[in-house]
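protein-v1.cif (mmCIF, C-alpha atoms and all ligand atoms; chains and numbers go by the auth columns)
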```cif
data_final
loop_
_atom_site.group_PDB
_atom_site.id
_atom_site.type_symbol
_atom_site.label_atom_id
_atom_site.label_comp_id
_atom_site.label_asym_id
_atom_site.label_seq_id
_atom_site.Cartn_x
_atom_site.Cartn_y
_atom_site.Cartn_z
_atom_site.B_iso_or_equiv
_atom_site.auth_seq_id
_atom_site.auth_asym_id
ATOM 1 C CA MET A 1 16.443 -22.824 -3.367 0.00 21 A
ATOM 2 C CA GLY A 2 17.250 -19.227 -4.134 0.00 22 A
ATOM 3 C CA LEU A 3 16.927 -17.026 -7.187 0.00 23 A
ATOM 4 C CA THR A 4 19.732 -18.563 -9.246 0.00 24 A
ATOM 5 C CA ASP A 5 18.459 -22.075 -8.752 0.00 25 A
ATOM 6 C CA ILE A 6 14.862 -21.143 -9.603 0.00 26 A
ATOM 7 C CA ARG A 7 15.939 -19.226 -12.719 0.00 27 A
ATOM 8 C CA ASP A 8 17.852 -22.280 -13.800 0.00 28 A
ATOM 9 C CA ARG A 9 14.863 -24.566 -13.205 0.00 29 A
ATOM 10 C CA VAL A 10 12.593 -22.208 -15.152 0.00 30 A
ATOM 11 C CA ALA A 11 15.036 -22.263 -18.090 0.00 31 A
ATOM 12 C CA LYS A 12 15.215 -26.060 -18.037 0.00 32 A
ATOM 13 C CA ALA A 13 11.436 -26.375 -17.872 0.00 33 A
ATOM 14 C CA GLU A 14 11.123 -24.003 -20.841 0.00 34 A
ATOM 15 C CA ALA A 15 13.575 -26.140 -22.806 0.00 35 A
ATOM 16 C CA ARG A 16 11.820 -29.409 -21.921 0.00 36 A
ATOM 17 C CA ALA A 17 8.504 -27.937 -23.052 0.00 37 A
ATOM 18 C CA GLY A 18 10.031 -26.718 -26.320 0.00 38 A
ATOM 19 C CA ARG A 19 9.353 -23.135 -25.334 0.00 39 A
ATOM 20 C CA ASP A 20 11.594 -20.211 -26.266 0.00 40 A
ATOM 21 C CA PRO A 21 14.173 -19.212 -23.657 0.00 41 A
ATOM 22 C CA GLY A 22 12.794 -16.297 -21.665 0.00 42 A
ATOM 23 C CA SER A 23 9.192 -16.948 -22.665 0.00 43 A
ATOM 24 C CA VAL A 24 8.230 -17.509 -19.036 0.00 44 A
ATOM 25 C CA GLN A 25 8.312 -14.551 -16.676 0.00 45 A
ATOM 26 C CA LEU A 26 9.428 -15.318 -13.155 0.00 46 A
ATOM 27 C CA ILE A 27 7.467 -13.278 -10.626 0.00 47 A
ATOM 28 C CA ALA A 28 9.331 -13.270 -7.312 0.00 48 A
ATOM 29 C CA VAL A 29 6.560 -13.187 -4.703 0.00 49 A
ATOM 30 C CA SER A 30 7.905 -10.990 -1.925 0.00 50 A
ATOM 31 C CA LYS A 31 4.843 -10.749 0.363 0.00 51 A
ATOM 32 C CA VAL A 32 5.613 -10.927 4.094 0.00 52 A
ATOM 33 C CA GLN A 33 9.355 -11.375 3.449 0.00 53 A
ATOM 34 C CA PRO A 34 11.828 -9.282 5.447 0.00 54 A
ATOM 35 C CA LEU A 35 13.090 -6.315 3.459 0.00 55 A
ATOM 36 C CA GLU A 36 16.708 -7.602 3.567 0.00 56 A
ATOM 37 C CA ARG A 37 15.685 -10.708 1.657 0.00 57 A
ATOM 38 C CA VAL A 38 13.847 -8.649 -0.941 0.00 58 A
ATOM 39 C CA GLU A 39 16.811 -6.339 -1.247 0.00 59 A
ATOM 40 C CA ALA A 40 19.162 -9.274 -1.761 0.00 60 A
ATOM 41 C CA VAL A 41 17.076 -10.406 -4.729 0.00 61 A
ATOM 42 C CA LEU A 42 16.977 -6.839 -6.104 0.00 62 A
ATOM 43 C CA GLU A 43 20.775 -6.724 -5.792 0.00 63 A
ATOM 44 C CA GLN A 44 20.959 -9.860 -7.917 0.00 64 A
ATOM 45 C CA GLY A 45 19.266 -7.854 -10.646 0.00 65 A
ATOM 46 C CA HIS A 46 15.796 -9.344 -10.505 0.00 66 A
ATOM 47 C CA LYS A 47 13.151 -6.890 -11.748 0.00 67 A
ATOM 48 C CA LEU A 48 9.743 -8.527 -11.453 0.00 68 A
ATOM 49 C CA PHE A 49 7.966 -9.029 -8.144 0.00 69 A
ATOM 50 C CA GLY A 50 4.547 -10.038 -6.874 0.00 70 A
ATOM 51 C CA GLU A 51 2.557 -8.889 -3.857 0.00 71 A
ATOM 52 C CA ASN A 52 -0.864 -9.964 -2.654 0.00 72 A
ATOM 53 C CA LYS A 53 -1.893 -6.907 -0.622 0.00 73 A
ATOM 54 C CA VAL A 54 -2.133 -3.324 -1.788 0.00 74 A
ATOM 55 C CA GLN A 55 -1.243 -1.735 1.558 0.00 75 A
ATOM 56 C CA GLU A 56 1.768 -3.945 2.140 0.00 76 A
ATOM 57 C CA ALA A 57 3.065 -3.274 -1.356 0.00 77 A
ATOM 58 C CA ARG A 58 2.624 0.482 -0.959 0.00 78 A
ATOM 59 C CA GLY A 59 4.719 0.305 2.179 0.00 79 A
ATOM 60 C CA LYS A 60 7.818 -1.074 0.485 0.00 80 A
ATOM 61 C CA TRP A 61 7.801 -0.719 -3.297 0.00 81 A
ATOM 62 C CA PRO A 62 7.767 3.025 -3.997 0.00 82 A
ATOM 63 C CA GLU A 63 11.118 3.347 -2.218 0.00 83 A
ATOM 64 C CA PHE A 64 12.636 0.232 -3.821 0.00 84 A
ATOM 65 C CA MET A 65 11.443 1.460 -7.209 0.00 85 A
ATOM 66 C CA GLU A 66 13.268 4.720 -6.680 0.00 86 A
ATOM 67 C CA ARG A 67 16.488 2.915 -5.837 0.00 87 A
ATOM 68 C CA TYR A 68 16.345 0.139 -8.423 0.00 88 A
ATOM 69 C CA GLU A 69 15.620 0.964 -12.023 0.00 89 A
ATOM 70 C CA GLY A 70 13.138 -0.943 -14.151 0.00 90 A
ATOM 71 C CA VAL A 71 11.439 -2.807 -11.332 0.00 91 A
ATOM 72 C CA SER A 72 7.802 -3.765 -11.735 0.00 92 A
ATOM 73 C CA VAL A 73 5.374 -5.290 -9.289 0.00 93 A
ATOM 74 C CA HIS A 74 2.277 -7.347 -10.050 0.00 94 A
ATOM 75 C CA LEU A 75 -0.742 -7.667 -7.767 0.00 95 A
ATOM 76 C CA ILE A 76 -1.538 -11.354 -7.335 0.00 96 A
ATOM 77 C CA GLY A 77 -4.030 -11.157 -4.450 0.00 97 A
ATOM 78 C CA PRO A 78 -7.685 -10.107 -4.198 0.00 98 A
ATOM 79 C CA LEU A 79 -8.489 -6.459 -4.889 0.00 99 A
ATOM 80 C CA GLN A 80 -11.209 -4.468 -3.144 0.00 100 A
ATOM 81 C CA THR A 81 -12.807 -1.817 -5.333 0.00 101 A
ATOM 82 C CA ASN A 82 -11.956 0.926 -2.843 0.00 102 A
ATOM 83 C CA LYS A 83 -8.252 0.156 -3.336 0.00 103 A
ATOM 84 C CA ALA A 84 -8.454 -0.073 -7.120 0.00 104 A
ATOM 85 C CA ARG A 85 -7.116 3.416 -7.748 0.00 105 A
ATOM 86 C CA GLN A 86 -4.047 2.845 -5.567 0.00 106 A
ATOM 87 C CA ALA A 87 -3.496 -0.540 -7.163 0.00 107 A
ATOM 88 C CA MET A 88 -3.620 0.917 -10.662 0.00 108 A
ATOM 89 C CA GLU A 89 -1.019 3.505 -9.719 0.00 109 A
ATOM 90 C CA LEU A 90 1.472 1.036 -8.275 0.00 110 A
ATOM 91 C CA PHE A 91 1.168 -2.246 -10.148 0.00 111 A
ATOM 92 C CA SER A 92 2.048 -2.913 -13.765 0.00 112 A
ATOM 93 C CA ALA A 93 -0.307 -5.900 -13.816 0.00 113 A
ATOM 94 C CA ILE A 94 -3.273 -7.128 -11.785 0.00 114 A
ATOM 95 C CA HIS A 95 -3.814 -10.893 -11.796 0.00 115 A
ATOM 96 C CA SER A 96 -7.004 -10.970 -9.740 0.00 116 A
ATOM 97 C CA VAL A 97 -9.830 -9.492 -11.801 0.00 117 A
ATOM 98 C CA ASP A 98 -12.648 -11.742 -10.671 0.00 118 A
ATOM 99 C CA ARG A 99 -16.029 -9.983 -10.677 0.00 119 A
ATOM 100 C CA PRO A 100 -18.110 -7.485 -12.659 0.00 120 A
ATOM 101 C CA LYS A 101 -18.073 -4.800 -9.974 0.00 121 A
ATOM 102 C CA LEU A 102 -14.262 -4.724 -9.986 0.00 122 A
ATOM 103 C CA ALA A 103 -14.137 -4.782 -13.788 0.00 123 A
ATOM 104 C CA ASN A 104 -16.486 -1.795 -13.916 0.00 124 A
ATOM 105 C CA THR A 105 -14.418 0.147 -11.398 0.00 125 A
ATOM 106 C CA LEU A 106 -11.180 -0.570 -13.260 0.00 126 A
ATOM 107 C CA ALA A 107 -12.798 0.494 -16.526 0.00 127 A
ATOM 108 C CA ARG A 108 -14.031 3.772 -15.051 0.00 128 A
ATOM 109 C CA LEU A 109 -10.598 4.560 -13.573 0.00 129 A
ATOM 110 C CA ALA A 110 -8.839 3.585 -16.798 0.00 130 A
ATOM 111 C CA GLN A 111 -11.010 6.051 -18.695 0.00 131 A
ATOM 112 C CA GLU A 112 -10.450 8.759 -16.155 0.00 132 A
ATOM 113 C CA THR A 113 -6.658 8.370 -16.021 0.00 133 A
ATOM 114 C CA GLY A 114 -6.008 7.165 -19.558 0.00 134 A
ATOM 115 C CA ALA A 115 -3.924 4.237 -18.270 0.00 135 A
ATOM 116 C CA CYS A 116 -4.480 0.703 -17.105 0.00 136 A
ATOM 117 C CA PRO A 117 -2.166 -2.089 -15.943 0.00 137 A
ATOM 118 C CA ASP A 118 -2.216 -5.394 -17.818 0.00 138 A
ATOM 119 C CA LEU A 119 -5.073 -7.479 -16.483 0.00 139 A
ATOM 120 C CA PHE A 120 -5.526 -11.175 -15.821 0.00 140 A
ATOM 121 C CA ILE A 121 -8.849 -12.746 -14.950 0.00 141 A
ATOM 122 C CA GLN A 122 -8.657 -15.094 -11.994 0.00 142 A
ATOM 123 C CA VAL A 123 -10.538 -18.343 -12.526 0.00 143 A
ATOM 124 C CA ASN A 124 -11.588 -20.448 -9.550 0.00 144 A
ATOM 125 C CA THR A 125 -10.791 -23.698 -11.347 0.00 145 A
ATOM 126 C CA GLY A 126 -11.404 -25.799 -8.243 0.00 146 A
ATOM 127 C CA GLU A 127 -14.783 -24.118 -7.619 0.00 147 A
ATOM 128 C CA GLU A 128 -13.752 -23.590 -4.011 0.00 148 A
ATOM 129 C CA GLU A 129 -16.164 -21.554 -1.956 0.00 149 A
ATOM 130 C CA GLN A 130 -13.512 -19.680 0.035 0.00 150 A
ATOM 131 C CA LYS A 131 -11.415 -18.854 -3.007 0.00 151 A
ATOM 132 C CA ALA A 132 -11.651 -15.811 -5.241 0.00 152 A
ATOM 133 C CA GLY A 133 -12.091 -16.108 -8.975 0.00 153 A
ATOM 134 C CA ILE A 134 -14.804 -16.423 -11.547 0.00 154 A
ATOM 135 C CA LEU A 135 -16.237 -19.936 -11.921 0.00 155 A
ATOM 136 C CA PRO A 136 -15.105 -21.835 -15.035 0.00 156 A
ATOM 137 C CA ASP A 137 -18.661 -21.893 -16.416 0.00 157 A
ATOM 138 C CA ASP A 138 -18.910 -18.126 -16.141 0.00 158 A
ATOM 139 C CA ALA A 139 -15.454 -17.362 -17.528 0.00 159 A
ATOM 140 C CA ASP A 140 -16.330 -16.925 -21.227 0.00 160 A
ATOM 141 C CA ALA A 141 -19.121 -14.457 -20.467 0.00 161 A
ATOM 142 C CA PHE A 142 -16.971 -12.527 -17.990 0.00 162 A
ATOM 143 C CA ILE A 143 -14.065 -12.275 -20.431 0.00 163 A
ATOM 144 C CA ALA A 144 -16.480 -10.916 -23.047 0.00 164 A
ATOM 145 C CA GLU A 145 -17.891 -8.457 -20.527 0.00 165 A
ATOM 146 C CA CYS A 146 -14.388 -7.172 -19.678 0.00 166 A
ATOM 147 C CA ARG A 147 -13.550 -6.809 -23.344 0.00 167 A
ATOM 148 C CA GLY A 148 -16.770 -4.871 -23.807 0.00 168 A
ATOM 149 C CA LEU A 149 -15.457 -2.444 -21.194 0.00 169 A
ATOM 150 C CA ASP A 150 -12.235 -2.031 -23.233 0.00 170 A
ATOM 151 C CA LEU A 151 -10.123 -3.472 -20.435 0.00 171 A
ATOM 152 C CA PRO A 152 -6.672 -4.770 -21.453 0.00 172 A
ATOM 153 C CA ILE A 153 -7.271 -8.425 -20.596 0.00 173 A
ATOM 154 C CA LYS A 154 -4.027 -10.290 -21.323 0.00 174 A
ATOM 155 C CA GLY A 155 -4.691 -13.677 -19.807 0.00 175 A
ATOM 156 C CA LEU A 156 -5.946 -15.862 -16.998 0.00 176 A
ATOM 157 C CA MET A 157 -4.727 -16.783 -13.541 0.00 177 A
ATOM 158 C CA CYS A 158 -5.517 -19.672 -11.196 0.00 178 A
ATOM 159 C CA ILE A 159 -4.540 -21.057 -7.797 0.00 179 A
ATOM 160 C CA PRO A 160 -5.314 -24.788 -7.750 0.00 180 A
ATOM 161 C CA PRO A 161 -6.789 -26.391 -4.616 0.00 181 A
ATOM 162 C CA VAL A 162 -3.969 -27.567 -2.324 0.00 182 A
ATOM 163 C CA GLU A 163 -5.186 -31.144 -2.214 0.00 183 A
ATOM 164 C CA GLU A 164 -5.574 -31.698 -5.929 0.00 184 A
ATOM 165 C CA THR A 165 -3.246 -32.453 -8.820 0.00 185 A
ATOM 166 C CA PRO A 166 -2.344 -28.988 -10.085 0.00 186 A
ATOM 167 C CA SER A 167 -1.841 -30.049 -13.693 0.00 187 A
ATOM 168 C CA LEU A 168 -5.568 -30.721 -14.160 0.00 188 A
ATOM 169 C CA HIS A 169 -6.239 -27.130 -13.160 0.00 189 A
ATOM 170 C CA PHE A 170 -3.430 -25.757 -15.327 0.00 190 A
ATOM 171 C CA ALA A 171 -4.819 -27.659 -18.311 0.00 191 A
ATOM 172 C CA LEU A 172 -8.338 -26.338 -17.671 0.00 192 A
ATOM 173 C CA LEU A 173 -7.046 -22.762 -17.442 0.00 193 A
ATOM 174 C CA GLY A 174 -5.167 -23.254 -20.708 0.00 194 A
ATOM 175 C CA LYS A 175 -8.304 -24.469 -22.438 0.00 195 A
ATOM 176 C CA ILE A 176 -10.394 -21.519 -21.291 0.00 196 A
ATOM 177 C CA ALA A 177 -7.646 -19.133 -22.440 0.00 197 A
ATOM 178 C CA GLU A 178 -7.306 -20.810 -25.800 0.00 198 A
ATOM 179 C CA ARG A 179 -10.985 -20.762 -26.688 0.00 199 A
ATOM 180 C CA ASN A 180 -11.084 -17.074 -25.758 0.00 200 A
ATOM 181 C CA GLY A 181 -7.964 -16.111 -27.676 0.00 201 A
ATOM 182 C CA LEU A 182 -5.961 -15.145 -24.585 0.00 202 A
ATOM 183 C CA GLU A 183 -2.207 -15.698 -24.699 0.00 203 A
ATOM 184 C CA GLU A 184 -0.991 -15.350 -21.149 0.00 204 A
ATOM 185 C CA LEU A 185 -1.319 -17.802 -18.284 0.00 205 A
ATOM 186 C CA SER A 186 -0.379 -16.912 -14.717 0.00 206 A
ATOM 187 C CA MET A 187 -0.045 -20.246 -12.979 0.00 207 A
ATOM 188 C CA GLY A 188 2.467 -22.241 -10.970 0.00 208 A
ATOM 189 C CA MET A 189 4.004 -21.537 -7.555 0.00 209 A
ATOM 190 C CA SER A 190 7.029 -22.864 -5.627 0.00 210 A
ATOM 191 C CA SER A 191 5.783 -26.432 -5.553 0.00 211 A
ATOM 192 C CA ASP A 192 4.491 -26.788 -9.101 0.00 212 A
ATOM 193 C CA PHE A 193 5.913 -24.130 -11.434 0.00 213 A
ATOM 194 C CA GLU A 194 7.660 -26.663 -13.649 0.00 214 A
ATOM 195 C CA GLU A 195 4.388 -28.483 -14.321 0.00 215 A
ATOM 196 C CA ALA A 196 2.754 -25.133 -15.035 0.00 216 A
ATOM 197 C CA ILE A 197 5.461 -24.290 -17.581 0.00 217 A
ATOM 198 C CA ALA A 198 4.927 -27.657 -19.270 0.00 218 A
ATOM 199 C CA LEU A 199 1.259 -26.698 -19.637 0.00 219 A
ATOM 200 C CA GLY A 200 1.877 -23.244 -21.051 0.00 220 A
ATOM 201 C CA ALA A 201 2.402 -20.865 -18.129 0.00 221 A
ATOM 202 C CA THR A 202 3.750 -17.490 -19.249 0.00 222 A
ATOM 203 C CA HIS A 203 4.003 -16.145 -15.686 0.00 223 A
ATOM 204 C CA VAL A 204 4.991 -18.252 -12.688 0.00 224 A
ATOM 205 C CA ARG A 205 4.559 -16.842 -9.186 0.00 225 A
ATOM 206 C CA VAL A 206 7.310 -18.164 -6.946 0.00 226 A
ATOM 207 C CA GLY A 207 7.746 -17.012 -3.357 0.00 227 A
ATOM 208 C CA SER A 208 9.175 -19.327 -0.737 0.00 228 A
ATOM 209 C CA ALA A 209 11.456 -21.224 -3.128 0.00 229 A
ATOM 210 C CA ILE A 210 13.248 -17.940 -3.876 0.00 230 A
ATOM 211 C CA PHE A 211 13.113 -16.114 -0.535 0.00 231 A
ATOM 212 C CA GLY A 212 12.696 -18.924 1.996 0.00 232 A
ATOM 213 C CA GLU A 213 9.655 -19.725 4.096 0.00 233 A
ATOM 214 C CA ARG A 214 7.364 -16.853 5.054 0.00 234 A
ATOM 215 C CA ASP A 215 7.189 -16.113 8.759 0.00 235 A
ATOM 216 C CA TYR A 216 3.661 -14.928 9.564 0.00 236 A
ATOM 217 C CA GLY A 217 4.398 -14.847 13.296 0.00 237 A
HETATM 218 C C1 LIG B . 1.927 -16.388 -1.941 0.00 301 A
HETATM 219 C C2 LIG B . 1.480 -16.612 -3.328 0.00 301 A
HETATM 220 C C3 LIG B . 2.307 -17.269 -4.253 0.00 301 A
HETATM 221 C C4 LIG B . 3.679 -17.824 -3.932 0.00 301 A
HETATM 222 O O1 LIG B . 3.582 -18.951 -3.139 0.00 301 A
HETATM 223 P P1 LIG B . 4.867 -19.885 -2.844 0.00 301 A
HETATM 224 O O2 LIG B . 4.264 -21.179 -2.502 0.00 301 A
HETATM 225 O O3 LIG B . 5.599 -19.238 -1.732 0.00 301 A
HETATM 226 O O4 LIG B . 5.664 -19.922 -4.083 0.00 301 A
HETATM 227 C C5 LIG B . 1.816 -17.429 -5.546 0.00 301 A
HETATM 228 N N1 LIG B . 0.601 -16.977 -5.909 0.00 301 A
HETATM 229 C C6 LIG B . -0.214 -16.339 -5.042 0.00 301 A
HETATM 230 C C7 LIG B . -1.535 -15.870 -5.512 0.00 301 A
HETATM 231 C C8 LIG B . 0.193 -16.147 -3.732 0.00 301 A
HETATM 232 O O5 LIG B . -0.641 -15.508 -2.879 0.00 301 A
#
```
Would you write the structure of this file as structure tokens?
Ligand SMILES: *Cc1c(COP(=O)(O)O)cnc(C)c1O
Amino acid sequence: MGLTDIRDRVAKAEARAGRDPGSVQLIAVSKVQPLERVEAVLEQGHKLFGENKVQEARGKWPEFMERYEGVSVHLIGPLQTNKARQAMELFSAIHSVDRPKLANTLARLAQETGACPDLFIQVNTGEEEQKAGILPDDADAFIAECRGLDLPIKGLMCIPPVEETPSLHFALLGKIAERNGLEELSMGMSSDFEEAIALGATHVRVGSAIFGERDYG
């Protein structure tokens, strides 16, 4: 547990998978965590963080970004179109592009502002009704649609169903990425990031294993 330990485990998983050192980006997922814990990780020199809500992120990151140089934050949770503009201003990547309406809004704003964060398309690999993400069968067409809008699609993201073996979902995501020529894979959390790295993750999203359990109370 803790940043040093997780960094070490990421490095070992990279080595086991024959991947280059540093080829996996560790996103420290700071949602809901007390600011002191986030600050402690910033003090250790970590620069890449993940948040799942636009409002929550806007409440803490502008100030941290002023105090700590070179910090970037990725949005890893669902994005409503009416918050797209704010999200594009704050985040350097959005991992949750999951529907045409959002893609169209992002494209319009990107044209208007001349800038766009890196984008990942979220795939609902478990075809779960309550979960965001494009269905696997619709992924190829949606990726093509996003490319047609000139969006900077870098890769794919998934959150496997809790009850299932994550590696099946990681492998499926990898296949969809490969046949579409996408290089980046955002997959793996506290409980399964090493398996994700073995299956090609380029971004792992680790929260509780770095910061401790989240207290939603
Ligand atoms: C909260 C969250 C994580 C981190 O979860 P942990 O189990 O705490 O590592 C990763 N990805 C997404 C999309 C999340 O919402």
Test item: residues at most 12 Å from Glu214 in chain A, all atoms listed in the file, excluding those fewer than 2 positions along its chain, as a ChimeraX atom specification: /A:26-37,44,46,186-187,190,207-212,216-226
The PyMOL selection byres (((chain A and resi 196) around 12) and not hetatm) resolved against shown file, as number ranges by chain: A: 141-145, 154-163, 175-178, 189-195, 197-205
Å distance separating CA of Asp138 in chain A from CA of Thr185 in chain A, one decimal place: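 Atom-to-atom, CA of Asp138 in chain A to CA of Thr185 in chain A, that is 28.5 Å.
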Residues selected by the PyMOL selection byres (((chain A and resi 108) around 10) and not hetatm), written as JSON, numbers by chain: {"A": [74, 95, 103, 104, 105, 106, 107, 109, 110, 111, 112, 113, 114, 126, 129, 130, 133, 135, 136, 137, 138]}
Restricting the output to C-alpha atoms, write the selected residues as an mmCIF file, keeping the file's coordinate frame.
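Contents of out-v2.cif, freshly written:
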```cif
data_model
loop_
_atom_site.group_PDB
_atom_site.id
_atom_site.type_symbol
_atom_site.label_atom_id
_atom_site.label_comp_id
_atom_site.auth_asym_id
_atom_site.auth_seq_id
_atom_site.Cartn_x
_atom_site.Cartn_y
_atom_site.Cartn_z
ATOM 1 C CA VAL A 74 -2.133 -3.324 -1.788
ATOM 2 C CA LEU A 95 -0.742 -7.667 -7.767
ATOM 3 C CA LYS A 103 -8.252 0.156 -3.336
ATOM 4 C CA ALA A 104 -8.454 -0.073 -7.120
ATOM 5 C CA ARG A 105 -7.116 3.416 -7.748
ATOM 6 C CA GLN A 106 -4.047 2.845 -5.567
ATOM 7 C CA ALA A 107 -3.496 -0.540 -7.163
ATOM 8 C CA GLU A 109 -1.019 3.505 -9.719
ATOM 9 C CA LEU A 110 1.472 1.036 -8.275
ATOM 10 C CA PHE A 111 1.168 -2.246 -10.148
ATOM 11 C CA SER A 112 2.048 -2.913 -13.765
ATOM 12 C CA ALA A 113 -0.307 -5.900 -13.816
ATOM 13 C CA ILE A 114 -3.273 -7.128 -11.785
ATOM 14 C CA LEU A 126 -11.180 -0.570 -13.260
ATOM 15 C CA LEU A 129 -10.598 4.560 -13.573
ATOM 16 C CA ALA A 130 -8.839 3.585 -16.798
ATOM 17 C CA THR A 133 -6.658 8.370 -16.021
ATOM 18 C CA ALA A 135 -3.924 4.237 -18.270
ATOM 19 C CA CYS A 136 -4.480 0.703 -17.105
ATOM 20 C CA PRO A 137 -2.166 -2.089 -15.943
ATOM 21 C CA ASP A 138 -2.216 -5.394 -17.818
#
```
Quick one: axis-aligned box around all listed atoms of ligand LIG 301 (chain A), 6 Å on every side, centre and edge lengths in Å to one decimal, written as JSON.
```
{"center_x": 2.1, "center_y": -18.3, "center_z": -3.8, "size_x": 19.2, "size_y": 17.7, "size_z": 16.2}
```
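Nearest residue to ligand LIG 301 (chain A) among A:Glu76, A:Glu63, A:Asp25, A:Glu71 is A:Glu71, counting only C-alpha atoms and all ligand atoms.
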Pick from A:Ala152, A:Ile230, A:Leu62, A:Val93, whichever lies nearest to Val117 in chain A using only C-alpha atoms: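 Residue with the minimum atom-to-atom distance to Val117 in chain A: A:Ala152.
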For Gly97 in chain A, the nearest of the candidates A:Met21, A:Ala164, A:Val49, A:Ala123, counting only C-alpha atoms: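 The answer is A:Val49, which sits nearest to Gly97 in chain A.
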The PyMOL selection byres (((chain A and resi 89) around 12) and not hetatm) resolved against shown file, as an MDAnalysis selection string: chainID A and resid 62:63 65:68 81:88 90:92
Between atom C4 of ligand LIG 301 (chain A) and CA of Lys151 in chain A, distance in Å (one decimal): 15.2 Å
Minimum-distance residue to Leu55 in chain A, chosen among A:Phe231, A:Pro41, A:Gly146, A:Gln75 (using all atoms listed in the file):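 Closest candidate: A:Phe231.
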Point-to-point distance in Å for CA of Lys73 in chain A and CA of Val61 in chain A: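 Here the two named atoms are 19.7 Å from each other.
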A:Gln53, A:Gln150, A:Asn124, A:Gln131 ranked by distance to ligand LIG 301 (chain A), top pick (using all atoms listed in the file):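 Closest candidate: A:Gln53.
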Residue with smallest distance to ligand LIG 301 (chain A) - pool A:Pro181, A:Gly70, A:Gly22, A:Lys121, counting only C-alpha atoms and all ligand atoms: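 That would be A:Gly70, the residue with the smallest distance to ligand LIG 301 (chain A).
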